[in-house]
file work-v7.cif (mmCIF, C-alpha atoms and all ligand atoms)
data_upload
loop_
_atom_site.label_atom_id
_atom_site.label_comp_id
_atom_site.auth_asym_id
_atom_site.auth_seq_id
_atom_site.Cartn_x
_atom_site.Cartn_y
_atom_site.Cartn_z
CA MET Y 161 -55.51 -53.52 -186.68
CA ALA Y 162 -54.04 -53.90 -190.12
CA ASP Y 163 -52.08 -57.05 -190.64
CA PRO Y 164 -48.57 -56.08 -191.69
CA ASP Y 165 -48.40 -59.15 -193.92
CA GLU Y 166 -51.35 -57.85 -195.81
CA SER Y 167 -50.12 -54.31 -196.31
CA ALA Y 168 -46.97 -55.67 -197.91
CA LEU Y 169 -49.05 -56.94 -200.78
CA PHE Y 170 -50.61 -53.66 -201.71
CA VAL Y 171 -49.72 -51.50 -204.63
CA ARG Y 172 -47.57 -48.68 -203.30
CA PRO Y 173 -49.37 -45.36 -203.14
CA GLY Y 174 -47.98 -43.17 -205.88
CA CYS Y 175 -47.46 -46.12 -208.18
CA VAL Y 176 -48.41 -44.86 -211.62
CA THR Y 177 -50.03 -47.96 -213.00
CA PRO Y 178 -51.56 -50.32 -213.03
CA GLU Y 179 -54.40 -49.08 -210.96
CA ALA Y 180 -55.46 -52.43 -209.65
CA PRO Y 181 -59.15 -53.06 -210.25
CA LYS Y 182 -60.97 -52.26 -207.03
CA ASP Y 183 -62.72 -55.61 -206.78
CA LEU Y 184 -59.44 -57.43 -207.16
CA ILE Y 185 -57.82 -55.42 -204.39
CA ALA Y 186 -60.86 -55.99 -202.24
CA ARG Y 187 -60.74 -59.69 -202.97
CA HIS Y 188 -57.06 -59.85 -202.12
CA SER Y 189 -57.31 -57.69 -199.06
CA ARG Y 190 -59.79 -60.10 -197.52
CA ARG Y 191 -57.09 -62.74 -197.54
CA ARG Y 192 -54.13 -62.66 -195.25
CA THR Y 193 -51.81 -62.96 -198.23
CA LEU Y 194 -51.86 -64.46 -201.67
CA SER Y 195 -49.93 -67.68 -201.71
CA HIS Y 196 -46.83 -67.61 -203.82
CA GLN Y 197 -48.52 -69.98 -206.26
CA GLN Y 198 -51.44 -67.58 -206.65
CA ILE Y 199 -49.03 -64.76 -207.33
CA VAL Y 200 -47.08 -66.79 -209.88
CA ASP Y 201 -50.30 -67.85 -211.61
CA GLY Y 202 -51.50 -64.24 -211.65
CA ILE Y 203 -48.27 -63.03 -213.19
CA LEU Y 204 -48.28 -65.74 -215.86
CA ARG Y 205 -51.90 -64.82 -216.65
CA GLY Y 206 -50.70 -61.25 -217.20
CA ASP Y 207 -52.74 -59.86 -214.30
CA ARG Y 208 -51.30 -56.37 -213.84
CA ALA Y 209 -52.52 -55.95 -210.27
CA VAL Y 210 -50.82 -59.16 -209.17
CA LEU Y 211 -47.67 -58.19 -211.07
CA ALA Y 212 -47.63 -54.85 -209.24
CA GLN Y 213 -48.05 -56.62 -205.91
CA ALA Y 214 -45.20 -59.00 -206.68
CA ILE Y 215 -42.95 -56.03 -207.49
CA THR Y 216 -43.95 -54.49 -204.16
CA LEU Y 217 -42.67 -57.68 -202.52
CA ILE Y 218 -39.40 -57.34 -204.44
CA GLU Y 219 -39.03 -53.81 -203.13
CA SER Y 220 -39.91 -54.68 -199.56
CA SER Y 221 -37.18 -54.71 -196.95
CA ARG Y 222 -38.93 -57.35 -194.81
CA ALA Y 223 -37.10 -60.67 -194.80
CA ALA Y 224 -40.35 -62.67 -195.24
CA ASP Y 225 -41.32 -60.61 -198.31
CA ARG Y 226 -37.84 -61.04 -199.77
CA GLU Y 227 -38.08 -64.79 -199.29
CA LEU Y 228 -41.46 -64.90 -201.00
CA ALA Y 229 -40.22 -62.64 -203.79
CA GLU Y 230 -37.28 -64.92 -204.44
CA GLN Y 231 -39.56 -67.96 -204.75
CA ILE Y 232 -41.77 -66.08 -207.17
CA ILE Y 233 -38.85 -64.89 -209.30
CA GLU Y 234 -37.44 -68.38 -209.43
CA GLU Y 235 -40.71 -69.82 -210.69
CA CYS Y 236 -41.14 -67.08 -213.24
CA LEU Y 237 -37.60 -67.37 -214.52
CA SER Y 238 -38.31 -70.03 -217.13
CA HIS Y 239 -41.05 -67.79 -218.54
CA SER Y 240 -38.86 -64.69 -218.70
CA GLY Y 241 -36.24 -63.50 -221.14
CA ASN Y 242 -38.38 -63.41 -224.25
CA SER Y 243 -38.30 -59.68 -224.74
CA ILE Y 244 -36.50 -56.69 -226.12
CA ARG Y 245 -34.88 -54.69 -223.31
CA VAL Y 246 -34.19 -51.07 -224.11
CA GLY Y 247 -32.45 -48.61 -221.79
CA ILE Y 248 -33.25 -44.94 -222.26
CA THR Y 249 -31.03 -42.24 -220.85
CA GLY Y 250 -30.51 -38.49 -221.20
CA VAL Y 251 -30.51 -35.40 -219.02
CA PRO Y 252 -33.71 -34.48 -217.14
CA GLY Y 253 -35.89 -32.58 -219.58
CA ALA Y 254 -34.46 -34.23 -222.71
CA GLY Y 255 -37.81 -35.88 -223.24
CA LYS Y 256 -37.24 -39.48 -222.15
CA SER Y 257 -40.67 -39.91 -220.64
CA SER Y 258 -42.32 -38.16 -223.58
CA VAL Y 259 -40.50 -40.37 -226.08
CA ILE Y 260 -41.48 -43.44 -224.05
CA GLU Y 261 -45.10 -42.27 -224.11
CA LYS Y 262 -45.05 -41.92 -227.91
CA LEU Y 263 -43.09 -45.10 -228.45
CA GLY Y 264 -45.43 -46.92 -226.09
CA ALA Y 265 -48.45 -45.66 -228.02
CA PHE Y 266 -46.82 -46.81 -231.26
CA LEU Y 267 -46.07 -50.28 -229.92
CA THR Y 268 -49.34 -50.88 -228.10
CA GLY Y 269 -51.41 -49.32 -230.88
CA GLU Y 270 -50.15 -50.20 -234.33
CA GLY Y 271 -47.88 -52.94 -233.07
CA GLU Y 272 -50.45 -54.42 -230.67
CA GLN Y 273 -47.60 -55.28 -228.34
CA LYS Y 274 -47.42 -55.07 -224.59
CA VAL Y 275 -44.96 -52.58 -223.12
CA ALA Y 276 -43.53 -52.37 -219.63
CA VAL Y 277 -41.87 -49.18 -218.48
CA LEU Y 278 -39.52 -49.36 -215.54
CA ALA Y 279 -37.22 -46.73 -214.10
CA ILE Y 280 -33.98 -46.44 -212.23
CA ASP Y 281 -33.70 -43.29 -210.23
CA PRO Y 282 -31.58 -43.59 -207.12
CA SER Y 283 -32.36 -39.95 -206.38
CA SER Y 284 -36.13 -40.40 -206.32
CA GLN Y 285 -36.03 -41.01 -202.59
CA LEU Y 286 -34.76 -37.47 -202.15
CA SER Y 287 -36.52 -35.58 -204.93
CA GLY Y 288 -39.78 -37.50 -205.12
CA GLY Y 289 -40.39 -35.32 -208.16
CA SER Y 290 -39.49 -37.50 -211.08
CA ILE Y 291 -42.32 -39.94 -210.45
CA LEU Y 292 -44.86 -37.16 -210.55
CA GLY Y 293 -43.33 -35.77 -213.73
CA ASP Y 294 -43.49 -39.14 -215.43
CA LYS Y 295 -47.06 -39.66 -214.39
CA THR Y 296 -48.27 -36.61 -216.28
CA ARG Y 297 -45.91 -37.29 -219.18
CA MET Y 298 -47.18 -40.82 -219.75
CA GLN Y 299 -50.85 -40.28 -219.15
CA SER Y 300 -52.26 -42.01 -222.20
CA LEU Y 301 -49.83 -44.92 -222.00
CA ALA Y 302 -50.66 -45.30 -218.31
CA SER Y 303 -54.31 -45.82 -219.17
CA SER Y 304 -53.59 -48.49 -221.79
CA GLU Y 305 -54.43 -52.08 -220.94
CA MET Y 306 -51.33 -53.12 -222.85
CA ALA Y 307 -48.92 -51.10 -220.75
CA PHE Y 308 -47.45 -51.48 -217.30
CA ILE Y 309 -45.61 -48.49 -215.82
CA ARG Y 310 -43.67 -48.74 -212.62
CA PRO Y 311 -41.67 -45.93 -211.09
CA SER Y 312 -38.22 -46.49 -209.70
CA PRO Y 313 -37.83 -48.36 -206.45
CA SER Y 314 -36.85 -45.56 -204.12
CA ARG Y 315 -35.13 -47.39 -201.33
CA GLY Y 316 -31.47 -48.15 -201.14
CA SER Y 317 -28.21 -47.74 -202.95
CA LEU Y 318 -27.92 -47.67 -206.73
CA GLY Y 319 -26.88 -51.33 -206.63
CA GLY Y 320 -29.98 -52.24 -204.66
CA VAL Y 321 -32.27 -50.14 -206.86
CA ALA Y 322 -30.78 -51.70 -209.99
CA GLN Y 323 -31.19 -55.20 -208.62
CA ARG Y 324 -34.87 -54.63 -207.85
CA THR Y 325 -35.44 -53.19 -211.31
CA ARG Y 326 -33.81 -56.24 -212.89
CA GLU Y 327 -36.03 -58.53 -210.88
CA ALA Y 328 -39.11 -56.48 -211.80
CA MET Y 329 -38.06 -56.82 -215.43
CA LEU Y 330 -38.00 -60.62 -215.18
CA LEU Y 331 -41.51 -60.64 -213.72
CA CYS Y 332 -42.79 -58.30 -216.45
CA GLU Y 333 -41.40 -60.65 -219.06
CA ALA Y 334 -43.09 -63.61 -217.40
CA ALA Y 335 -46.32 -61.58 -217.54
CA GLY Y 336 -45.97 -61.39 -221.31
CA TYR Y 337 -44.40 -57.97 -221.80
CA ARG Y 338 -42.29 -58.33 -224.90
CA ASN Y 339 -40.93 -54.79 -224.81
CA ILE Y 340 -39.24 -53.50 -221.68
CA LEU Y 341 -38.25 -49.84 -221.57
CA VAL Y 342 -36.01 -48.79 -218.68
CA GLU Y 343 -35.75 -45.05 -218.10
CA THR Y 344 -32.83 -43.63 -216.19
CA VAL Y 345 -32.13 -40.22 -214.80
CA GLY Y 346 -28.85 -39.02 -216.17
CA VAL Y 347 -26.96 -38.92 -212.95
CA GLY Y 348 -23.78 -40.64 -211.92
CA GLN Y 349 -23.70 -44.29 -212.55
CA SER Y 350 -27.31 -45.06 -213.27
CA GLU Y 351 -26.55 -45.04 -217.01
CA THR Y 352 -24.01 -47.79 -216.56
CA ALA Y 353 -26.37 -49.75 -214.34
CA VAL Y 354 -29.11 -49.56 -216.97
CA HIS Y 355 -26.71 -50.38 -219.80
CA GLU Y 356 -25.83 -53.53 -217.87
CA MET Y 357 -29.39 -54.79 -217.96
CA VAL Y 358 -30.53 -54.07 -221.52
CA ASP Y 359 -30.01 -55.23 -225.10
CA PHE Y 360 -30.15 -51.75 -226.61
CA PHE Y 361 -29.10 -48.43 -225.15
CA LEU Y 362 -30.71 -45.21 -226.36
CA LEU Y 363 -29.36 -41.76 -225.53
CA ILE Y 364 -31.83 -38.91 -225.91
CA THR Y 365 -30.32 -35.47 -226.37
CA LEU Y 366 -31.44 -31.93 -227.08
CA THR Y 367 -30.14 -29.05 -229.08
CA GLY Y 368 -29.16 -25.83 -227.39
CA ALA Y 369 -27.63 -27.33 -224.28
CA GLY Y 370 -23.88 -27.75 -224.20
CA ASP Y 371 -22.42 -31.22 -224.20
CA GLU Y 372 -21.28 -30.83 -220.60
CA LEU Y 373 -24.72 -29.67 -219.58
CA GLN Y 374 -26.19 -32.77 -221.14
CA GLY Y 375 -23.84 -35.04 -219.31
CA MET Y 376 -22.76 -36.15 -222.77
CA LYS Y 377 -19.56 -37.41 -221.37
CA ARG Y 378 -17.56 -39.65 -223.58
CA GLY Y 379 -18.52 -42.59 -221.40
CA VAL Y 380 -22.27 -42.28 -221.91
CA MET Y 381 -22.01 -41.63 -225.64
CA GLU Y 382 -19.76 -44.60 -226.00
CA LEU Y 383 -22.45 -46.83 -224.50
CA ALA Y 384 -25.15 -45.62 -226.89
CA ASP Y 385 -26.42 -47.78 -229.75
CA LEU Y 386 -28.49 -44.85 -230.92
CA ILE Y 387 -28.48 -41.14 -230.19
CA ALA Y 388 -31.88 -39.54 -230.73
CA VAL Y 389 -31.90 -35.76 -230.93
CA ASN Y 390 -35.37 -35.03 -229.57
CA LYS Y 391 -37.61 -31.97 -229.96
CA ALA Y 392 -36.93 -31.86 -233.70
CA ASP Y 393 -40.06 -29.82 -234.29
CA GLY Y 394 -41.15 -26.24 -234.98
CA ALA Y 395 -38.34 -23.71 -235.05
CA ASN Y 396 -35.93 -26.29 -233.72
CA LEU Y 397 -35.86 -28.51 -236.81
CA ALA Y 398 -32.72 -27.20 -238.49
CA ALA Y 399 -30.77 -27.05 -235.22
CA ALA Y 400 -31.80 -30.63 -234.44
CA GLU Y 401 -30.55 -31.80 -237.81
CA ARG Y 402 -27.22 -30.07 -237.20
CA ALA Y 403 -26.97 -31.68 -233.77
CA ARG Y 404 -27.72 -35.06 -235.32
CA HIS Y 405 -24.92 -34.56 -237.81
CA GLU Y 406 -22.49 -33.60 -235.05
CA ALA Y 407 -23.49 -36.58 -232.94
CA GLU Y 408 -23.01 -38.94 -235.87
CA ASN Y 409 -19.55 -37.50 -236.49
CA ALA Y 410 -18.67 -37.85 -232.83
CA LEU Y 411 -19.76 -41.50 -232.90
CA HIS Y 412 -17.18 -42.23 -235.58
CA TYR Y 413 -14.37 -41.48 -233.16
CA PHE Y 414 -15.31 -44.31 -230.85
CA PRO Y 415 -13.93 -47.78 -231.41
CA ARG Y 416 -16.36 -50.08 -233.18
CA PRO Y 417 -18.40 -52.01 -230.63
CA ALA Y 418 -17.76 -55.73 -230.35
CA ASN Y 419 -21.38 -56.54 -231.21
CA GLY Y 420 -20.92 -55.59 -234.87
CA TRP Y 421 -23.42 -52.73 -234.69
CA THR Y 422 -22.56 -49.26 -235.95
CA PRO Y 423 -24.15 -46.72 -233.58
CA ARG Y 424 -26.32 -44.10 -235.28
CA ALA Y 425 -27.91 -40.75 -234.68
CA LEU Y 426 -31.38 -39.62 -235.72
CA THR Y 427 -33.78 -36.82 -234.96
CA CYS Y 428 -37.23 -37.30 -233.48
CA SER Y 429 -40.05 -35.41 -231.85
CA ALA Y 430 -42.12 -36.78 -229.02
CA GLN Y 431 -44.49 -33.92 -229.72
CA THR Y 432 -45.26 -34.65 -233.39
CA GLY Y 433 -44.28 -38.32 -233.33
CA LYS Y 434 -41.86 -37.83 -236.19
CA GLY Y 435 -38.95 -40.25 -236.10
CA ILE Y 436 -40.47 -42.51 -233.44
CA ALA Y 437 -41.17 -45.38 -235.86
CA GLU Y 438 -37.66 -44.99 -237.31
CA LEU Y 439 -36.26 -45.10 -233.81
CA TRP Y 440 -37.99 -48.42 -233.13
CA ASN Y 441 -36.95 -49.82 -236.50
CA CYS Y 442 -33.39 -49.09 -235.52
CA VAL Y 443 -33.89 -51.08 -232.30
CA LEU Y 444 -35.34 -54.00 -234.26
CA GLU Y 445 -32.49 -53.90 -236.77
CA HIS Y 446 -29.99 -54.02 -233.94
CA ILE Y 447 -31.77 -56.96 -232.30
CA ASP Y 448 -31.90 -58.85 -235.62
CA LEU Y 449 -28.22 -58.26 -236.25
CA THR Y 450 -27.07 -59.25 -232.76
CA LYS Y 451 -29.31 -62.31 -232.68
CA ALA Y 452 -27.88 -63.40 -236.04
CA ASN Y 453 -24.25 -62.92 -234.99
CA GLY Y 454 -24.72 -64.51 -231.55
CA TRP Y 455 -23.97 -61.36 -229.53
CA PHE Y 456 -27.49 -61.06 -228.14
CA SER Y 457 -27.36 -64.22 -226.06
CA VAL Y 458 -23.68 -63.85 -225.15
CA ASN Y 459 -24.43 -60.36 -223.85
CA ARG Y 460 -27.37 -61.57 -221.77
CA GLN Y 461 -25.30 -64.39 -220.33
CA ASN Y 462 -22.54 -61.98 -219.40
CA GLN Y 463 -25.06 -59.67 -217.80
CA THR Y 464 -26.57 -62.50 -215.78
CA ARG Y 465 -23.15 -63.53 -214.55
CA ARG Y 466 -22.33 -59.96 -213.55
CA TRP Y 467 -25.66 -59.63 -211.71
CA MET Y 468 -24.89 -62.74 -209.73
CA ARG Y 469 -21.45 -61.49 -208.76
CA GLU Y 470 -22.86 -58.12 -207.87
CA ILE Y 471 -25.44 -59.69 -205.58
CA ILE Y 472 -22.71 -61.72 -203.90
CA GLU Y 473 -20.63 -58.58 -203.38
CA GLN Y 474 -23.59 -56.69 -201.97
CA GLY Y 475 -24.45 -59.58 -199.68
CA LEU Y 476 -20.90 -59.92 -198.42
CA ARG Y 477 -20.61 -56.21 -197.75
CA GLN Y 478 -23.93 -56.20 -195.94
CA ARG Y 479 -22.96 -59.14 -193.76
CA PHE Y 480 -19.58 -57.66 -193.06
CA GLU Y 481 -20.94 -54.29 -192.08
CA SER Y 482 -23.66 -55.71 -189.87
CA HIS Y 483 -21.35 -58.18 -188.09
CA PRO Y 484 -21.42 -57.17 -184.38
CA ALA Y 485 -17.65 -57.40 -183.85
CA ILE Y 486 -16.99 -55.40 -187.02
CA ARG Y 487 -19.42 -52.73 -185.94
CA ARG Y 488 -17.65 -52.53 -182.59
CA ARG Y 489 -14.16 -52.19 -184.06
CA MET Y 490 -14.66 -50.42 -187.38
CA GLU Y 491 -14.81 -46.86 -186.10
CA ALA Y 492 -11.82 -47.12 -183.81
CA LEU Y 493 -9.68 -48.74 -186.50
CA GLU Y 494 -10.72 -46.09 -189.02
CA GLN Y 495 -9.62 -43.47 -186.54
CA ASP Y 496 -6.29 -45.25 -186.08
CA VAL Y 497 -5.75 -45.15 -189.84
CA LEU Y 498 -6.69 -41.48 -190.07
CA GLU Y 499 -4.34 -40.57 -187.27
CA GLY Y 500 -1.48 -42.63 -188.63
CA ARG Y 501 -1.34 -45.23 -185.86
CA THR Y 502 -1.75 -48.07 -188.33
CA THR Y 503 -1.87 -48.56 -192.09
CA SER Y 504 -5.11 -48.95 -194.03
CA PHE Y 505 -3.86 -52.32 -195.17
CA ARG Y 506 -3.30 -53.64 -191.66
CA ALA Y 507 -6.60 -52.21 -190.39
CA ALA Y 508 -8.52 -53.79 -193.26
CA ARG Y 509 -6.82 -57.12 -192.68
CA THR Y 510 -7.57 -56.98 -188.98
CA LEU Y 511 -11.26 -56.40 -189.71
CA LEU Y 512 -11.38 -59.18 -192.30
CA GLU Y 513 -9.78 -61.55 -189.80
CA ILE Y 514 -12.25 -60.54 -187.12
CA TYR Y 515 -15.01 -61.30 -189.61
CA SER Y 516 -13.87 -64.62 -190.99
CA GLY Y 517 -11.12 -65.74 -188.66
CA PRO Y 518 -7.46 -65.83 -189.72
CA LYS Y 519 -6.60 -67.60 -192.96
CA PRO Y 520 -5.00 -71.03 -192.40
CA SER Y 521 -1.76 -69.74 -193.92
CA ASP Y 522 -1.70 -66.85 -191.46
CA THR Y 523 -2.05 -68.95 -188.34
CA ARG Y 524 1.60 -69.81 -187.98
N1 LIG S 1 -41.30 -29.29 -228.36
C1 LIG S 1 -41.10 -30.46 -227.80
N2 LIG S 1 -41.14 -30.60 -226.45
C2 LIG S 1 -40.92 -31.82 -225.90
C3 LIG S 1 -40.64 -32.95 -226.70
N3 LIG S 1 -40.44 -34.01 -225.89
C4 LIG S 1 -40.59 -33.56 -224.62
N4 LIG S 1 -40.89 -32.25 -224.62
C5 LIG S 1 -41.12 -31.42 -223.43
O1 LIG S 1 -39.92 -31.39 -222.66
C6 LIG S 1 -40.20 -31.41 -221.27
C7 LIG S 1 -39.48 -32.57 -220.58
O2 LIG S 1 -39.98 -33.80 -221.06
P1 LIG S 1 -39.86 -35.17 -220.25
O3 LIG S 1 -40.40 -36.23 -221.12
O4 LIG S 1 -40.45 -35.06 -218.90
O5 LIG S 1 -38.29 -35.31 -220.08
P2 LIG S 1 -37.44 -36.36 -219.21
O6 LIG S 1 -37.05 -35.64 -217.96
O7 LIG S 1 -36.22 -36.66 -220.04
O8 LIG S 1 -38.26 -37.57 -218.95
C8 LIG S 1 -41.71 -31.50 -221.16
O9 LIG S 1 -42.19 -30.21 -220.95
C9 LIG S 1 -42.15 -32.01 -222.51
O10 LIG S 1 -43.44 -31.59 -222.85
C10 LIG S 1 -40.61 -32.77 -228.14
O11 LIG S 1 -40.38 -33.69 -228.92
N5 LIG S 1 -40.84 -31.52 -228.62
MG MG S 2 -38.76 -38.62 -217.17
#

call {"tool": "encode", "arguments": {"input": "work-v7.cif", "output": "structure tokens"}}
result
Amino acid sequence: MADPDESALFVRPGCVTPEAPKDLIARHSRRRTLSHQQIVDGILRGDRAVLAQAITLIESSRAADRELAEQIIEECLSHSGNSIRVGITGVPGAGKSSVIEKLGAFLTGEGEQKVAVLAIDPSSQLSGGSILGDKTRMQSLASSEMAFIRPSPSRGSLGGVAQRTREAMLLCEAAGYRNILVETVGVGQSETAVHEMVDFFLLITLTGAGDELQGMKRGVMELADLIAVNKADGANLAAAERARHEAENALHYFPRPANGWTPRALTCSAQTGKGIAELWNCVLEHIDLTKANGWFSVNRQNQTRRWMREIIEQGLRQRFESHPAIRRRMEALEQDVLEGRTTSFRAARTLLEIYSGPKPSDTR
């Protein structure tokens, strides 16, 4: 019978890359588990198969895996951080994956730099489709030794998915990936979640679709450091240039960001590769500027602090909701509130007191 400990260390089926070398998997599968030290050493060596296994631990819901994952992250922490983190958003079909493929080829080829591609897609559990789409879209990057592509963790709330992606990002950095690209699907809050974990936020748009259709809500545009109008090729060139102009005008109406950067708009084509180098130059310019004016590290510190608080909030909520007495009373109290027998305030306070006991000041 398969040892459950062992299966936890395998690359998830459907994982795009890295395809772990067969002999390595075979070697690992003969052992009960890799020790955490072996995993850490593998990651620091840049072994993609071990990195993939460590991310599988991060994504596992088993308490023992979580414990091991936390030890690994902690040991990798001092080797992480030395990277450029770029978030890439835009409606499905805008060409995010295609741009990443071209950008990845540019960085791993000419630039000879390692690239890790991660994704946040809280809907992937339901659709299952985006992973497949990305796999075909990033075929050549997926086969590069210099690239590591990992689809979105599919389990859990957006908060949980975002947390696992952040942890995966730290491990990728420890494995020597200097460029981290995080793709989001343009739904709900995943843009904000990605913005919270990156240094540079890129919005990819298209011509021909209305602003509403593109989810180009004020909020998302306001987060963007760069708007790239993609598919600027063939008959679409002039329209793309017009859209670029409009986007640049729209950017002027937003307040100047505190980081000193003036957001821009450019056109590009993932098909012809035009504009991809310019796009990356823009990222580098932004990083240079924010490193020089101190924003880069302040921003990362603020992000780290927010992550910590978020994890605390998630943990508290989880504990609260799984507390036996809370579970027993929650539904009835909710019903009392709905039917006007008590106020939401009193019901909430009752539950909090059941959870933690009355506050000393309330025990009169
Ligand atoms: N003509 C043209 N088509 C593109 C370009 N970039 C992407 N596409 C196509 O647009 C479709 C969606 O691309 P994809 O990268 O999967 O979009 P995503 O959903 O944002 O990741 C695919 O059929 C691509 O081949 C481009 O620059 N020019
Ligand atoms: Mg995609």

call {"tool": "closest_residue", "arguments": {"input": "work-v7.cif", "among": "Y:Gly475, Y:Gly319, Y:Gly255, Y:Pro311", "to": "ligand LIG 1 (chain S)", "atoms": "all atoms listed in the file"}}
result
Y:Gly255

call {"tool": "closest_residue", "arguments": {"input": "work-v7.cif", "among": "Y:Val259, Y:Leu512, Y:Leu341, Y:Leu301", "to": "Thr365 of chain Y", "atoms": "all atoms listed in the file"}}
result
Y:Val259

call {"tool": "atom_distance", "arguments": {"input": "work-v7.cif", "atom1": "atom CA of Ile260 of chain Y", "atom2": "atom CA of Ile340 of chain Y"}}
result
10.6 Å

call {"tool": "atom_distance", "arguments": {"input": "work-v7.cif", "atom1": "atom CA of Gln231 of chain Y", "atom2": "atom CA of His196 of chain Y"}}
result
7.3 Å

call {"tool": "residues_around", "arguments": {"input": "work-v7.cif", "residues": "Ala392 of chain Y", "least_positions_apart": "6", "cutoff": "8 Å", "atoms": "all atoms listed in the file", "output": "tab-separated table (two decimals) with C-alpha atoms, in the frame of the given file"}}
result
chain	number	residue	atom	x	y	z
Y	398	ALA	CA	-32.72	-27.20	-238.49
Y	399	ALA	CA	-30.77	-27.05	-235.22
Y	400	ALA	CA	-31.80	-30.63	-234.44
Y	401	GLU	CA	-30.55	-31.80	-237.81
Y	427	THR	CA	-33.78	-36.82	-234.96
Y	428	CYS	CA	-37.23	-37.30	-233.48
Y	429	SER	CA	-40.05	-35.41	-231.85

call {"tool": "residues_near_ligand", "arguments": {"input": "work-v7.cif", "ligand": "ligand LIG 1 (chain S)", "cutoff": "6 Å", "atoms": "only C-alpha atoms and all ligand atoms", "output": "ChimeraX atom specification"}}
result
/Y:251-258,293,297,390-391,393,429-431

call {"tool": "closest_residue", "arguments": {"input": "work-v7.cif", "among": "Y:Ala322, Y:Val342, Y:Ile199, Y:Ala395", "to": "ligand MG 2 (chain S)", "atoms": "only C-alpha atoms and all ligand atoms"}}
result
Y:Val342

call {"tool": "closest_residue", "arguments": {"input": "work-v7.cif", "among": "Y:Thr432, Y:Ser243, Y:Gln197, Y:Asn419", "to": "Ala452 of chain Y", "atoms": "all atoms listed in the file"}}
result
Y:Asn419

call {"tool": "closest_residue", "arguments": {"input": "work-v7.cif", "among": "Y:Asp225, Y:Asp201, Y:Glu261, Y:Asp359", "to": "ligand MG 2 (chain S)", "atoms": "only C-alpha atoms and all ligand atoms"}}
result
Y:Glu261

call {"tool": "closest_residue", "arguments": {"input": "work-v7.cif", "among": "Y:Arg488, Y:His355, Y:Arg205, Y:Arg326", "to": "Ile248 of chain Y", "atoms": "only C-alpha atoms"}}
result
Y:His355

call {"tool": "atom_distance", "arguments": {"input": "work-v7.cif", "atom1": "atom CA of Gln273 of chain Y", "atom2": "atom CA of Arg338 of chain Y"}}
result
7.0 Å

call {"tool": "residues_around", "arguments": {"input": "work-v7.cif", "residues": "His446 of chain Y", "least_positions_apart": "6", "cutoff": "9 Å", "atoms": "only C-alpha atoms", "output": "mmCIF file with C-alpha atoms, in the coordinates of the input"}}
result
data_model
loop_
_atom_site.group_PDB
_atom_site.id
_atom_site.type_symbol
_atom_site.label_atom_id
_atom_site.label_comp_id
_atom_site.auth_asym_id
_atom_site.auth_seq_id
_atom_site.Cartn_x
_atom_site.Cartn_y
_atom_site.Cartn_z
ATOM 1 C CA ASP Y 359 -30.010 -55.230 -225.100
ATOM 2 C CA PHE Y 360 -30.150 -51.750 -226.610
ATOM 3 C CA ASP Y 385 -26.420 -47.780 -229.750
ATOM 4 C CA TRP Y 421 -23.420 -52.730 -234.690
#

call {"tool": "residues_around", "arguments": {"input": "work-v7.cif", "residues": "Asn409 of chain Y", "least_positions_apart": "5", "cutoff": "10 Å", "atoms": "all atoms listed in the file", "output": "VMD selection string"}}
result
chain Y and resid 403 to 404 414 424 to 425

call {"tool": "residues_near_point", "arguments": {"input": "work-v7.cif", "point": "(-25.6, -57.3, -203.8)", "cutoff": "12 Å", "atoms": "all atoms listed in the file", "output": "list of chain:residue names"}}
result
Y:Gly316, Y:Ser317, Y:Leu318, Y:Gly319, Y:Gly320, Y:Val321, Y:Ala322, Y:Gln323, Y:Arg324, Y:Arg466, Y:Trp467, Y:Met468, Y:Arg469, Y:Glu470, Y:Ile471, Y:Ile472, Y:Glu473, Y:Gln474, Y:Gly475, Y:Leu476, Y:Arg477, Y:Gln478, Y:Arg479
